[in-house]
$ cat my_file_24.csv   # CSV, N, CA and C atoms
chain,number,residue,atom,x,y,z
A,1,MET,N,25.2,4.5,-13.5
A,1,MET,CA,25.1,3.0,-13.7
A,1,MET,C,25.6,2.6,-15.1
A,2,TRP,N,25.4,3.5,-16.1
A,2,TRP,CA,25.9,3.2,-17.4
A,2,TRP,C,27.5,3.1,-17.4
A,3,PHE,N,28.1,4.0,-16.6
A,3,PHE,CA,29.5,4.0,-16.5
A,3,PHE,C,30.0,2.6,-16.0
A,4,VAL,N,29.4,2.1,-14.9
A,4,VAL,CA,29.8,0.9,-14.3
A,4,VAL,C,29.6,-0.3,-15.3
A,5,GLY,N,28.5,-0.3,-16.0
A,5,GLY,CA,28.2,-1.3,-17.0
A,5,GLY,C,29.3,-1.3,-18.1
A,6,ILE,N,29.6,-0.1,-18.6
A,6,ILE,CA,30.6,-0.1,-19.7
A,6,ILE,C,32.0,-0.5,-19.1
A,7,GLY,N,32.3,0.0,-17.9
A,7,GLY,CA,33.6,-0.4,-17.3
A,7,GLY,C,33.7,-1.9,-17.1
A,8,CYS,N,32.6,-2.6,-16.7
A,8,CYS,CA,32.6,-4.0,-16.5
A,8,CYS,C,32.8,-4.7,-17.8
A,9,LEU,N,32.1,-4.2,-18.9
A,9,LEU,CA,32.2,-4.8,-20.2
A,9,LEU,C,33.7,-4.7,-20.7
A,10,LEU,N,34.3,-3.5,-20.6
A,10,LEU,CA,35.6,-3.3,-21.0
A,10,LEU,C,36.6,-4.1,-20.2
A,11,LEU,N,36.4,-4.3,-18.9
A,11,LEU,CA,37.3,-5.1,-18.1
A,11,LEU,C,37.2,-6.5,-18.5
A,12,VAL,N,36.1,-7.1,-18.7
A,12,VAL,CA,35.9,-8.5,-19.1
A,12,VAL,C,36.6,-8.7,-20.5
A,13,MET,N,36.4,-7.7,-21.4
A,13,MET,CA,37.0,-7.8,-22.7
A,13,MET,C,38.5,-7.8,-22.6
A,14,LYS,N,39.1,-6.9,-21.7
A,14,LYS,CA,40.5,-6.8,-21.6
A,14,LYS,C,41.1,-8.1,-21.0
A,15,LEU,N,40.4,-8.7,-20.0
A,15,LEU,CA,40.9,-9.9,-19.3
A,15,LEU,C,40.9,-11.1,-20.3
A,16,ALA,N,39.9,-11.1,-21.2
A,16,ALA,CA,39.7,-12.2,-22.1
A,16,ALA,C,40.5,-12.0,-23.4
A,17,ASP,N,41.2,-10.8,-23.5
A,17,ASP,CA,41.9,-10.5,-24.7
A,17,ASP,C,41.0,-10.6,-25.9
A,18,PHE,N,39.8,-10.0,-25.8
A,18,PHE,CA,38.8,-10.1,-26.9
A,18,PHE,C,38.5,-8.7,-27.4
A,19,GLY,N,38.5,-8.5,-28.7
A,19,GLY,CA,38.1,-7.3,-29.4
A,19,GLY,C,39.1,-6.2,-29.2
A,20,PHE,N,38.5,-5.0,-29.4
A,20,PHE,CA,39.4,-3.8,-29.4
A,20,PHE,C,39.9,-3.5,-28.0
A,21,ALA,N,39.3,-4.0,-26.9
A,21,ALA,CA,39.7,-3.7,-25.6
A,21,ALA,C,41.0,-4.4,-25.2
A,22,ALA,N,41.4,-5.4,-26.0
A,22,ALA,CA,42.7,-6.1,-25.7
A,22,ALA,C,43.9,-5.2,-25.9
A,23,THR,N,43.7,-4.2,-26.9
A,23,THR,CA,44.8,-3.3,-27.2
A,23,THR,C,44.8,-2.0,-26.4
A,24,LEU,N,43.7,-1.7,-25.7
A,24,LEU,CA,43.6,-0.5,-25.0
A,24,LEU,C,44.5,-0.6,-23.7
A,25,SER,N,44.9,0.6,-23.2
A,25,SER,CA,45.7,0.6,-22.0
A,25,SER,C,44.7,0.5,-20.8
A,26,TRP,N,45.3,0.1,-19.6
A,26,TRP,CA,44.5,0.0,-18.4
A,26,TRP,C,43.8,1.3,-18.0
A,27,LEU,N,44.4,2.4,-18.4
A,27,LEU,CA,43.8,3.7,-18.0
A,27,LEU,C,42.4,3.9,-18.7
A,28,TRP,N,42.3,3.5,-20.0
A,28,TRP,CA,41.1,3.6,-20.7
A,28,TRP,C,40.1,2.5,-20.2
A,29,ILE,N,40.5,1.4,-19.7
A,29,ILE,CA,39.6,0.3,-19.2
A,29,ILE,C,39.0,0.8,-17.9
A,30,LEU,N,39.8,1.4,-17.0
A,30,LEU,CA,39.4,1.8,-15.7
A,30,LEU,C,38.7,3.2,-15.7
A,31,ALA,N,38.8,3.9,-16.7
A,31,ALA,CA,38.3,5.3,-16.8
A,31,ALA,C,36.7,5.3,-16.5
A,32,PRO,N,35.9,4.4,-17.0
A,32,PRO,CA,34.5,4.5,-16.7
A,32,PRO,C,34.2,4.3,-15.3
A,33,PHE,N,35.0,3.6,-14.5
A,33,PHE,CA,34.8,3.5,-13.1
A,33,PHE,C,35.0,4.8,-12.4
A,34,GLY,N,36.1,5.5,-12.8
A,34,GLY,CA,36.4,6.8,-12.3
A,34,GLY,C,35.3,7.8,-12.6
A,35,LEU,N,34.7,7.7,-13.8
A,35,LEU,CA,33.6,8.6,-14.2
A,35,LEU,C,32.4,8.3,-13.4
A,36,ALA,N,32.2,7.0,-13.1
A,36,ALA,CA,31.0,6.7,-12.3
A,36,ALA,C,31.1,7.3,-10.9
A,37,MET,N,32.3,7.2,-10.3
A,37,MET,CA,32.6,7.8,-9.0
A,37,MET,C,32.3,9.3,-9.0
A,38,LEU,N,32.8,10.0,-10.1
A,38,LEU,CA,32.6,11.4,-10.2
A,38,LEU,C,31.1,11.7,-10.3
A,39,TRP,N,30.4,10.9,-11.1
A,39,TRP,CA,28.9,11.2,-11.3
A,39,TRP,C,28.2,11.0,-10.0
A,40,TRP,N,28.5,9.9,-9.2
A,40,TRP,CA,27.8,9.7,-7.9
A,40,TRP,C,28.1,10.8,-7.0
A,41,ALA,N,29.4,11.3,-6.9
A,41,ALA,CA,29.7,12.4,-6.1
A,41,ALA,C,28.9,13.7,-6.4
A,42,PHE,N,28.8,14.0,-7.7
A,42,PHE,CA,28.0,15.1,-8.2
A,42,PHE,C,26.5,14.9,-7.8
A,43,ALA,N,26.0,13.7,-8.1
A,43,ALA,CA,24.6,13.5,-7.8
A,43,ALA,C,24.2,13.6,-6.4
A,44,ASP,N,25.1,13.1,-5.5
A,44,ASP,CA,24.8,13.2,-4.1
A,44,ASP,C,25.0,14.6,-3.6
A,45,GLY,N,26.0,15.3,-4.1
A,45,GLY,CA,26.3,16.7,-3.7
A,45,GLY,C,25.2,17.7,-4.1
A,46,SER,N,24.7,17.5,-5.3
A,46,SER,CA,23.7,18.4,-5.8
A,46,SER,C,22.3,18.1,-5.3
A,47,GLY,N,22.1,17.0,-4.6
A,47,GLY,CA,20.7,16.6,-4.1
A,47,GLY,C,19.9,15.8,-5.1
A,48,LEU,N,20.5,15.5,-6.2
A,48,LEU,CA,19.7,14.8,-7.3
A,48,LEU,C,19.2,13.4,-6.8
A,49,THR,N,20.1,12.7,-6.1
A,49,THR,CA,19.7,11.4,-5.6
A,49,THR,C,18.6,11.5,-4.6
A,50,MET,N,18.7,12.5,-3.7
A,50,MET,CA,17.6,12.6,-2.7
A,50,MET,C,16.3,13.0,-3.3
A,51,ARG,N,16.4,13.9,-4.3
A,51,ARG,CA,15.2,14.3,-5.0
A,51,ARG,C,14.5,13.2,-5.7
A,52,ARG,N,15.3,12.3,-6.4
A,52,ARG,CA,14.7,11.1,-7.0
A,52,ARG,C,14.1,10.2,-6.0
A,53,ALA,N,14.7,10.0,-4.9
A,53,ALA,CA,14.2,9.1,-3.8
A,53,ALA,C,12.9,9.7,-3.3
A,54,MET,N,12.8,11.0,-3.1
A,54,MET,CA,11.6,11.7,-2.6
A,54,MET,C,10.5,11.6,-3.7
A,55,ASP,N,10.8,11.8,-4.9
A,55,ASP,CA,9.8,11.6,-6.0
A,55,ASP,C,9.3,10.2,-6.0
A,56,LYS,N,10.1,9.2,-5.8
A,56,LYS,CA,9.7,7.8,-5.9
A,56,LYS,C,8.8,7.5,-4.7
A,57,MET,N,9.1,8.1,-3.5
A,57,MET,CA,8.2,7.9,-2.3
A,57,MET,C,6.9,8.6,-2.5
A,58,GLU,N,6.9,9.8,-3.1
A,58,GLU,CA,5.6,10.5,-3.4
A,58,GLU,C,4.7,9.7,-4.4
A,59,GLU,N,5.4,9.1,-5.4
A,59,GLU,CA,4.6,8.3,-6.4
A,59,GLU,C,4.0,7.1,-5.7
A,60,ARG,N,4.8,6.4,-4.8
A,60,ARG,CA,4.3,5.3,-4.1
A,60,ARG,C,3.1,5.7,-3.2
A,61,LYS,N,3.2,6.9,-2.6
A,61,LYS,CA,2.1,7.3,-1.7
A,61,LYS,C,0.9,7.6,-2.5
A,62,HIS,N,1.0,8.3,-3.6
A,62,HIS,CA,-0.2,8.6,-4.4
A,62,HIS,C,-0.8,7.3,-5.0
A,63,GLU,N,0.0,6.3,-5.4
A,63,GLU,CA,-0.5,5.0,-5.9
A,63,GLU,C,-1.2,4.3,-4.8
A,64,ARG,N,-0.6,4.3,-3.6
A,64,ARG,CA,-1.3,3.6,-2.4
A,64,ARG,C,-2.6,4.3,-2.1
A,65,ARG,N,-2.7,5.6,-2.1
A,65,ARG,CA,-3.9,6.3,-1.8
A,65,ARG,C,-4.9,6.1,-2.9
A,66,ARG,N,-4.5,6.0,-4.1
A,66,ARG,CA,-5.4,5.7,-5.2
A,66,ARG,C,-6.0,4.3,-5.1
A,67,ARG,N,-5.2,3.3,-4.8
A,67,ARG,CA,-5.7,2.0,-4.6
A,67,ARG,C,-6.7,1.9,-3.5
A,68,HIS,N,-6.4,2.5,-2.4
A,68,HIS,CA,-7.3,2.5,-1.2
A,68,HIS,C,-8.6,3.2,-1.5
A,69,MET,N,-8.6,4.3,-2.2
A,69,MET,CA,-9.8,5.0,-2.5
A,69,MET,C,-10.6,4.1,-3.5
A,70,GLU,N,-10.0,3.5,-4.4
A,70,GLU,CA,-10.8,2.6,-5.3
A,70,GLU,C,-11.3,1.4,-4.6
A,71,ALA,N,-10.6,0.9,-3.6
A,71,ALA,CA,-11.0,-0.3,-2.8
A,71,ALA,C,-12.3,0.1,-2.0
A,72,LEU,N,-12.3,1.4,-1.6
A,72,LEU,CA,-13.5,1.8,-0.8
A,72,LEU,C,-14.6,2.2,-1.7
A,73,GLY,N,-14.4,2.3,-3.0
A,73,GLY,CA,-15.4,2.6,-4.0
A,73,GLY,C,-15.5,4.1,-4.1
A,74,LEU,N,-14.5,4.9,-3.7
A,74,LEU,CA,-14.5,6.3,-3.8
A,74,LEU,C,-13.5,6.7,-4.9
A,75,ASN,N,-14.0,7.6,-5.7
A,75,ASN,CA,-13.1,8.1,-6.7
A,75,ASN,C,-13.3,9.6,-6.7
A,76,TRP,N,-12.9,10.2,-5.5
A,76,TRP,CA,-13.2,11.6,-5.2
A,76,TRP,C,-12.5,12.5,-6.2
A,77,ARG,N,-11.3,12.2,-6.5
A,77,ARG,CA,-10.5,13.1,-7.4
A,77,ARG,C,-11.1,13.2,-8.8
A,78,ARG,N,-11.6,12.0,-9.3
A,78,ARG,CA,-12.2,12.0,-10.6
A,78,ARG,C,-13.5,12.8,-10.6
A,79,ASP,N,-14.3,12.6,-9.5
A,79,ASP,CA,-15.6,13.2,-9.4
A,79,ASP,C,-15.4,14.8,-9.4
A,80,ARG,N,-14.4,15.2,-8.6
A,80,ARG,CA,-14.1,16.6,-8.5
A,80,ARG,C,-13.7,17.2,-9.9
A,81,ARG,N,-12.8,16.5,-10.6
A,81,ARG,CA,-12.4,16.9,-11.9
A,81,ARG,C,-13.6,17.0,-12.9
A,82,VAL,N,-14.5,16.0,-12.8
A,82,VAL,CA,-15.7,15.9,-13.7
A,82,VAL,C,-16.6,17.1,-13.4
A,83,ALA,N,-16.7,17.4,-12.1
A,83,ALA,CA,-17.6,18.6,-11.7
A,83,ALA,C,-17.0,19.9,-12.2
A,84,VAL,N,-15.7,20.0,-12.1
A,84,VAL,CA,-15.1,21.3,-12.6
A,84,VAL,C,-15.2,21.4,-14.2
A,85,ILE,N,-15.0,20.2,-14.8
A,85,ILE,CA,-15.2,20.2,-16.3
A,85,ILE,C,-16.6,20.6,-16.7
A,86,LYS,N,-17.6,20.0,-16.0
A,86,LYS,CA,-19.0,20.2,-16.3
A,86,LYS,C,-19.3,21.7,-16.1
A,87,GLU,N,-18.8,22.2,-15.0
A,87,GLU,CA,-19.0,23.6,-14.7
A,87,GLU,C,-18.5,24.6,-15.7
A,88,THR,N,-17.3,24.3,-16.2
A,88,THR,CA,-16.7,25.1,-17.2
A,88,THR,C,-17.4,25.0,-18.6
A,89,ARG,N,-17.9,23.8,-18.8
A,89,ARG,CA,-18.6,23.6,-20.1
A,89,ARG,C,-20.1,24.0,-20.1
A,90,LYS,N,-20.5,24.4,-18.9
A,90,LYS,CA,-22.0,24.6,-18.8
A,90,LYS,C,-22.3,25.8,-19.7
A,91,VAL,N,-23.4,25.5,-20.5
A,91,VAL,CA,-23.9,26.5,-21.4
A,91,VAL,C,-25.3,26.9,-21.0
A,92,GLU,N,-25.5,28.2,-20.8
A,92,GLU,CA,-26.8,28.7,-20.4
A,92,GLU,C,-27.7,28.6,-21.6
A,93,PRO,N,-28.9,28.0,-21.4
A,93,PRO,CA,-29.8,27.9,-22.5
A,93,PRO,C,-30.3,29.3,-22.9
A,94,PRO,N,-30.7,29.5,-24.2
A,94,PRO,CA,-31.1,30.8,-24.6
A,94,PRO,C,-32.4,31.1,-23.9
A,95,PRO,N,-32.7,32.4,-23.6
A,95,PRO,CA,-33.9,32.7,-22.9
A,95,PRO,C,-35.1,32.3,-23.8
A,96,MET,N,-36.1,31.8,-23.1
A,96,MET,CA,-37.3,31.3,-23.8
A,96,MET,C,-38.2,32.5,-24.2
A,97,ALA,N,-38.7,32.4,-25.4
A,97,ALA,CA,-39.6,33.4,-25.9
A,97,ALA,C,-41.0,33.3,-25.2
A,98,VAL,N,-41.6,34.4,-24.9
A,98,VAL,CA,-42.9,34.3,-24.3
A,98,VAL,C,-43.9,33.7,-25.3
A,99,VAL,N,-44.6,32.7,-24.8
A,99,VAL,CA,-45.5,32.0,-25.7
A,99,VAL,C,-46.9,32.7,-25.6
A,100,LYS,N,-47.4,33.1,-26.7
A,100,LYS,CA,-48.7,33.7,-26.7
A,100,LYS,C,-49.8,32.6,-26.9
A,101,LYS,N,-50.7,32.5,-25.9
A,101,LYS,CA,-51.7,31.5,-26.0
A,101,LYS,C,-52.8,32.0,-27.0
A,102,THR,N,-53.3,31.0,-27.7
A,102,THR,CA,-54.3,31.3,-28.7
A,102,THR,C,-55.7,31.3,-28.0
A,103,GLU,N,-56.6,31.8,-28.6
A,103,GLU,CA,-58.0,31.9,-28.0
A,103,GLU,C,-58.5,30.5,-27.7
A,104,GLU,N,-58.2,29.6,-28.6
A,104,GLU,CA,-58.7,28.2,-28.4
A,104,GLU,C,-58.0,27.6,-27.1
A,105,GLU,N,-56.7,27.9,-26.9
A,105,GLU,CA,-56.0,27.3,-25.7
A,105,GLU,C,-56.6,28.0,-24.4
A,106,ARG,N,-56.9,29.3,-24.5
A,106,ARG,CA,-57.5,29.9,-23.3
A,106,ARG,C,-58.9,29.3,-23.0
A,107,HIS,N,-59.7,29.1,-24.1
A,107,HIS,CA,-61.0,28.5,-23.9
A,107,HIS,C,-60.9,27.1,-23.3
A,108,ASN,N,-59.9,26.2,-23.8
A,108,ASN,CA,-59.8,24.9,-23.3
A,108,ASN,C,-59.4,25.0,-21.8
A,109,ARG,N,-58.5,25.9,-21.4
A,109,ARG,CA,-58.2,26.1,-20.0
A,109,ARG,C,-59.4,26.4,-19.2
A,110,ASP,N,-60.2,27.3,-19.6
A,110,ASP,CA,-61.4,27.7,-18.9
A,110,ASP,C,-62.3,26.6,-18.7
A,111,VAL,N,-62.5,25.7,-19.8
A,111,VAL,CA,-63.4,24.6,-19.7
A,111,VAL,C,-62.9,23.6,-18.7
A,112,ILE,N,-61.6,23.3,-18.7
A,112,ILE,CA,-61.1,22.3,-17.8
A,112,ILE,C,-61.2,22.8,-16.4
A,113,THR,N,-60.8,24.0,-16.1
A,113,THR,CA,-60.9,24.5,-14.7
A,113,THR,C,-62.3,24.8,-14.2
A,114,ALA,N,-63.3,24.8,-15.2
A,114,ALA,CA,-64.6,25.0,-14.7
A,114,ALA,C,-65.1,23.8,-13.9
A,115,PHE,N,-64.6,22.6,-14.3
A,115,PHE,CA,-65.1,21.4,-13.6
A,115,PHE,C,-64.3,21.1,-12.3
A,116,LEU,N,-63.2,21.8,-12.1
A,116,LEU,CA,-62.4,21.6,-10.9
A,116,LEU,C,-62.9,22.5,-9.8
A,117,PRO,N,-63.1,22.0,-8.6
A,117,PRO,CA,-63.6,22.8,-7.5
A,117,PRO,C,-62.5,23.8,-7.0
A,118,SER,N,-62.8,25.0,-6.8
A,118,SER,CA,-61.9,26.0,-6.2
A,118,SER,C,-61.8,25.8,-4.7
A,119,ARG,N,-60.9,26.5,-4.1
A,119,ARG,CA,-60.8,26.5,-2.6
A,119,ARG,C,-62.1,27.0,-1.9
A,120,GLN,N,-62.7,28.0,-2.5
A,120,GLN,CA,-63.9,28.6,-1.9
A,120,GLN,C,-65.1,27.6,-2.0
A,121,GLU,N,-65.1,26.8,-3.0
A,121,GLU,CA,-66.3,25.9,-3.1
A,121,GLU,C,-66.2,24.6,-2.3
A,122,LEU,N,-65.0,24.4,-1.6
A,122,LEU,CA,-64.9,23.2,-0.7
A,122,LEU,C,-65.8,23.4,0.5
A,123,PRO,N,-66.3,22.2,1.0
A,123,PRO,CA,-67.1,22.3,2.2
A,123,PRO,C,-66.2,22.8,3.4
A,124,PRO,N,-66.9,23.5,4.3
A,124,PRO,CA,-66.1,24.0,5.5
A,124,PRO,C,-65.5,22.8,6.2
A,125,GLN,N,-64.3,23.1,6.8
A,125,GLN,CA,-63.6,22.1,7.6
A,125,GLN,C,-64.3,21.9,8.9
A,126,ARG,N,-64.3,20.7,9.4
A,126,ARG,CA,-64.8,20.3,10.7
A,126,ARG,C,-63.9,20.8,11.7
A,127,PRO,N,-64.4,21.3,12.8
A,127,PRO,CA,-63.6,21.8,13.9
A,127,PRO,C,-62.9,20.5,14.5
A,128,THR,N,-61.7,20.8,15.0
A,128,THR,CA,-60.9,19.7,15.6
A,128,THR,C,-61.4,19.5,17.0
A,129,GLY,N,-61.0,18.5,17.7
A,129,GLY,CA,-61.4,18.2,19.1
A,129,GLY,C,-60.9,19.1,20.1
A,130,ASP,N,-59.9,19.9,19.7
A,130,ASP,CA,-59.3,20.9,20.7
A,130,ASP,C,-60.2,22.1,21.0
A,131,ASP,N,-61.0,22.4,20.0
A,131,ASP,CA,-61.7,23.7,20.1
A,131,ASP,C,-63.2,23.4,20.5
A,132,LYS,N,-63.5,22.8,21.6
A,132,LYS,CA,-64.9,22.5,22.0
A,132,LYS,C,-65.5,23.6,22.8
A,133,THR,N,-66.5,24.2,22.3
A,133,THR,CA,-67.3,25.3,23.0
A,133,THR,C,-68.7,24.8,23.1
A,134,ALA,N,-69.2,24.5,24.4
A,134,ALA,CA,-70.5,24.0,24.5
A,134,ALA,C,-71.3,24.9,25.4

$ encode --input "my_file_24.csv" --output "C-alpha coordinates"
Amino acid sequence: MWFVGIGCLLLVMKLADFGFAATLSWLWILAPFGLAMLWWAFADGSGLTMRRAMDKMEERKHERRRRHMEALGLNWRRDRRVAVIKETRKVEPPPMAVVKKTEEERHNRDVITAFLPSRQELPPQRPTGDDKTA
(Lines of atoms letter the chains of each structure in order from A and count residues from 1; the text may use other names and numbers.)
(Lines give C-alpha, C1' and ligand atoms only; values in the text may rest on other atoms or scores of the structure.)
Protein backbone atom coordinates (compact mmCIF):
# COMPACT_ATOMS: atom_id res chain seq x y z
CA MET A 1 0.00 0.00 0.00
CA TRP A 2 2.90 2.30 0.71
CA PHE A 3 4.22 1.76 -2.81
CA VAL A 4 0.87 2.80 -4.31
CA GLY A 5 0.71 5.91 -2.12
CA ILE A 6 4.25 6.96 -3.04
CA GLY A 7 3.55 6.25 -6.73
CA CYS A 8 0.40 8.37 -6.67
CA LEU A 9 2.24 11.22 -4.95
CA LEU A 10 5.08 11.10 -7.50
CA LEU A 11 2.60 10.92 -10.39
CA VAL A 12 0.68 14.00 -9.18
CA MET A 13 3.95 15.87 -8.66
CA LYS A 14 5.15 14.93 -12.18
CA LEU A 15 1.88 15.98 -13.83
CA ALA A 16 1.86 19.29 -11.93
CA ASP A 17 5.54 19.91 -12.64
CA PHE A 18 6.06 20.42 -8.92
CA GLY A 19 9.21 19.73 -6.87
CA PHE A 20 11.90 17.22 -7.63
CA ALA A 21 9.50 14.84 -9.43
CA ALA A 22 9.24 17.26 -12.39
CA THR A 23 12.81 16.42 -13.39
CA LEU A 24 12.60 12.65 -12.83
CA SER A 25 12.06 10.28 -15.74
CA TRP A 26 8.78 8.42 -16.11
CA LEU A 27 10.58 5.19 -15.20
CA TRP A 28 11.24 6.49 -11.65
CA ILE A 29 7.68 7.83 -11.38
CA LEU A 30 6.07 4.49 -12.34
CA ALA A 31 8.59 2.29 -10.46
CA PRO A 32 6.59 2.29 -7.17
CA PHE A 33 3.56 0.84 -9.01
CA GLY A 34 5.73 -2.00 -10.34
CA LEU A 35 7.12 -2.61 -6.85
CA ALA A 36 3.56 -2.72 -5.49
CA MET A 37 2.65 -5.38 -8.07
CA LEU A 38 5.73 -7.43 -7.12
CA TRP A 39 4.90 -7.14 -3.43
CA TRP A 40 1.31 -8.25 -3.96
CA ALA A 41 2.44 -11.21 -6.06
CA PHE A 42 4.89 -12.24 -3.31
CA ALA A 43 2.33 -11.76 -0.52
CA ASP A 44 -0.31 -13.81 -2.32
CA GLY A 45 2.15 -16.50 -3.38
CA SER A 46 3.63 -16.97 0.11
CA GLY A 47 0.24 -17.07 1.84
CA LEU A 48 0.89 -13.90 3.81
CA THR A 49 -2.37 -12.31 2.69
CA MET A 50 -4.40 -15.39 3.61
CA ARG A 51 -2.68 -15.64 7.01
CA ARG A 52 -3.49 -12.02 7.78
CA ALA A 53 -7.12 -12.54 6.76
CA MET A 54 -7.38 -15.65 8.95
CA ASP A 55 -5.81 -13.82 11.91
CA LYS A 56 -8.31 -11.00 11.45
CA MET A 57 -11.22 -13.47 11.39
CA GLU A 58 -9.91 -15.21 14.53
CA GLU A 59 -9.62 -11.87 16.32
CA ARG A 60 -13.20 -11.01 15.36
CA LYS A 61 -14.38 -14.41 16.58
CA HIS A 62 -12.63 -14.02 19.94
CA GLU A 63 -13.98 -10.49 20.35
CA ARG A 64 -17.51 -11.64 19.51
CA ARG A 65 -17.24 -14.55 21.98
CA ARG A 66 -15.89 -12.22 24.68
CA ARG A 67 -18.74 -9.73 24.15
CA HIS A 68 -21.37 -12.48 24.31
CA MET A 69 -19.88 -13.99 27.46
CA GLU A 70 -19.83 -10.58 29.13
CA ALA A 71 -23.43 -9.95 28.03
CA LEU A 72 -24.42 -13.22 29.69
CA GLY A 73 -22.54 -12.23 32.81
CA LEU A 74 -20.02 -15.02 32.43
CA ASN A 75 -16.34 -14.37 32.52
CA TRP A 76 -15.23 -17.99 32.52
CA ARG A 77 -11.79 -17.38 31.07
CA ARG A 78 -10.90 -14.83 33.76
CA ASP A 79 -12.29 -17.06 36.51
CA ARG A 80 -10.19 -19.98 35.27
CA ARG A 81 -7.06 -17.82 35.13
CA VAL A 82 -7.71 -16.51 38.64
CA ALA A 83 -8.17 -20.06 39.94
CA VAL A 84 -4.89 -21.15 38.37
CA ILE A 85 -3.08 -18.14 39.79
CA LYS A 86 -4.54 -18.73 43.25
CA GLU A 87 -3.58 -22.39 43.07
CA THR A 88 0.02 -21.59 42.16
CA ARG A 89 0.27 -18.92 44.83
CA LYS A 90 -1.27 -21.09 47.51
CA VAL A 91 0.96 -21.22 50.56
CA GLU A 92 0.52 -23.99 53.06
CA PRO A 93 0.27 -22.59 56.58
CA PRO A 94 2.96 -23.73 58.96
CA PRO A 95 1.94 -26.68 61.10
CA MET A 96 0.33 -25.62 64.32
CA ALA A 97 2.16 -26.34 67.50
CA VAL A 98 0.42 -28.52 70.03
CA VAL A 99 -1.11 -26.28 72.64
CA LYS A 100 -0.61 -27.47 76.16
CA LYS A 101 -3.59 -26.73 78.33
CA THR A 102 -2.91 -25.33 81.72
CA GLU A 103 -4.39 -26.77 84.84
CA GLU A 104 -6.75 -23.82 85.11
CA GLU A 105 -8.08 -24.39 81.57
CA ARG A 106 -8.68 -28.08 82.30
CA HIS A 107 -10.49 -27.15 85.51
CA ASN A 108 -12.70 -24.62 83.65
CA ARG A 109 -13.57 -27.26 81.04
CA ASP A 110 -14.53 -29.74 83.73
CA VAL A 111 -16.70 -27.18 85.53
CA ILE A 112 -18.56 -26.22 82.36
CA THR A 113 -19.14 -29.78 81.23
CA ALA A 114 -20.32 -30.77 84.70
CA PHE A 115 -23.50 -28.74 84.16
CA LEU A 116 -24.18 -30.16 80.69
CA PRO A 117 -26.18 -33.38 80.57
CA SER A 118 -24.42 -36.26 78.92
CA ARG A 119 -26.13 -38.72 76.59
CA GLN A 120 -26.50 -41.28 79.38
CA GLU A 121 -28.29 -38.83 81.66
CA LEU A 122 -31.01 -38.03 79.11
CA PRO A 123 -34.43 -39.51 79.84
CA PRO A 124 -35.25 -42.64 77.86
CA GLN A 125 -36.84 -42.11 74.49
CA ARG A 126 -40.54 -42.82 74.14
CA PRO A 127 -41.36 -45.72 71.90
CA THR A 128 -42.81 -44.74 68.55
CA GLY A 129 -46.27 -45.79 67.43
CA ASP A 130 -44.84 -48.52 65.19
CA ASP A 131 -43.71 -50.74 68.00
CA LYS A 132 -46.92 -51.50 70.00
CA THR A 133 -46.78 -54.63 72.08
CA ALA A 134 -49.87 -55.16 74.25

$ select_by_dssp --input "my_file_24.csv" --residues "chain A" --states "helix (DSSP H, G or I)" --output "ChimeraX atom specification"
/A:2-15,19-22,26-46,48-72,76-89,103-114,119-121

$ atom_distance --input "my_file_24.csv" --atom1 "atom N of A:Gly7" --atom2 "atom C of A:Ile29"
6.7 Å

$ atom_distance --input "my_file_24.csv" --atom1 "atom N of A:Cys8" --atom2 "atom C of A:Pro32"
7.2 Å

$ atom_distance --input "my_file_24.csv" --atom1 "atom C of A:Met37" --atom2 "atom C of A:Ala16"
27.0 Å

$ closest_atom_pairs --input "my_file_24.csv" --of "stretch 24-68 of chain A" --to "stretch 2-6 of chain A" --cutoff "9 Å" --atoms "only C-alpha atoms" --output "JSON lines"
{"residue": "A:Ala31", "atom": "CA", "partner": "A:Phe3", "partner_atom": "CA", "distance": 8.9}
{"residue": "A:Pro32", "atom": "CA", "partner": "A:Phe3", "partner_atom": "CA", "distance": 5.0}
{"residue": "A:Phe33", "atom": "CA", "partner": "A:Val4", "partner_atom": "CA", "distance": 5.8}
{"residue": "A:Gly34", "atom": "CA", "partner": "A:Phe3", "partner_atom": "CA", "distance": 8.5}
{"residue": "A:Leu35", "atom": "CA", "partner": "A:Phe3", "partner_atom": "CA", "distance": 6.6}
{"residue": "A:Ala36", "atom": "CA", "partner": "A:Phe3", "partner_atom": "CA", "distance": 5.2}
{"residue": "A:Met37", "atom": "CA", "partner": "A:Phe3", "partner_atom": "CA", "distance": 9.0}
{"residue": "A:Trp39", "atom": "CA", "partner": "A:Phe3", "partner_atom": "CA", "distance": 8.9}
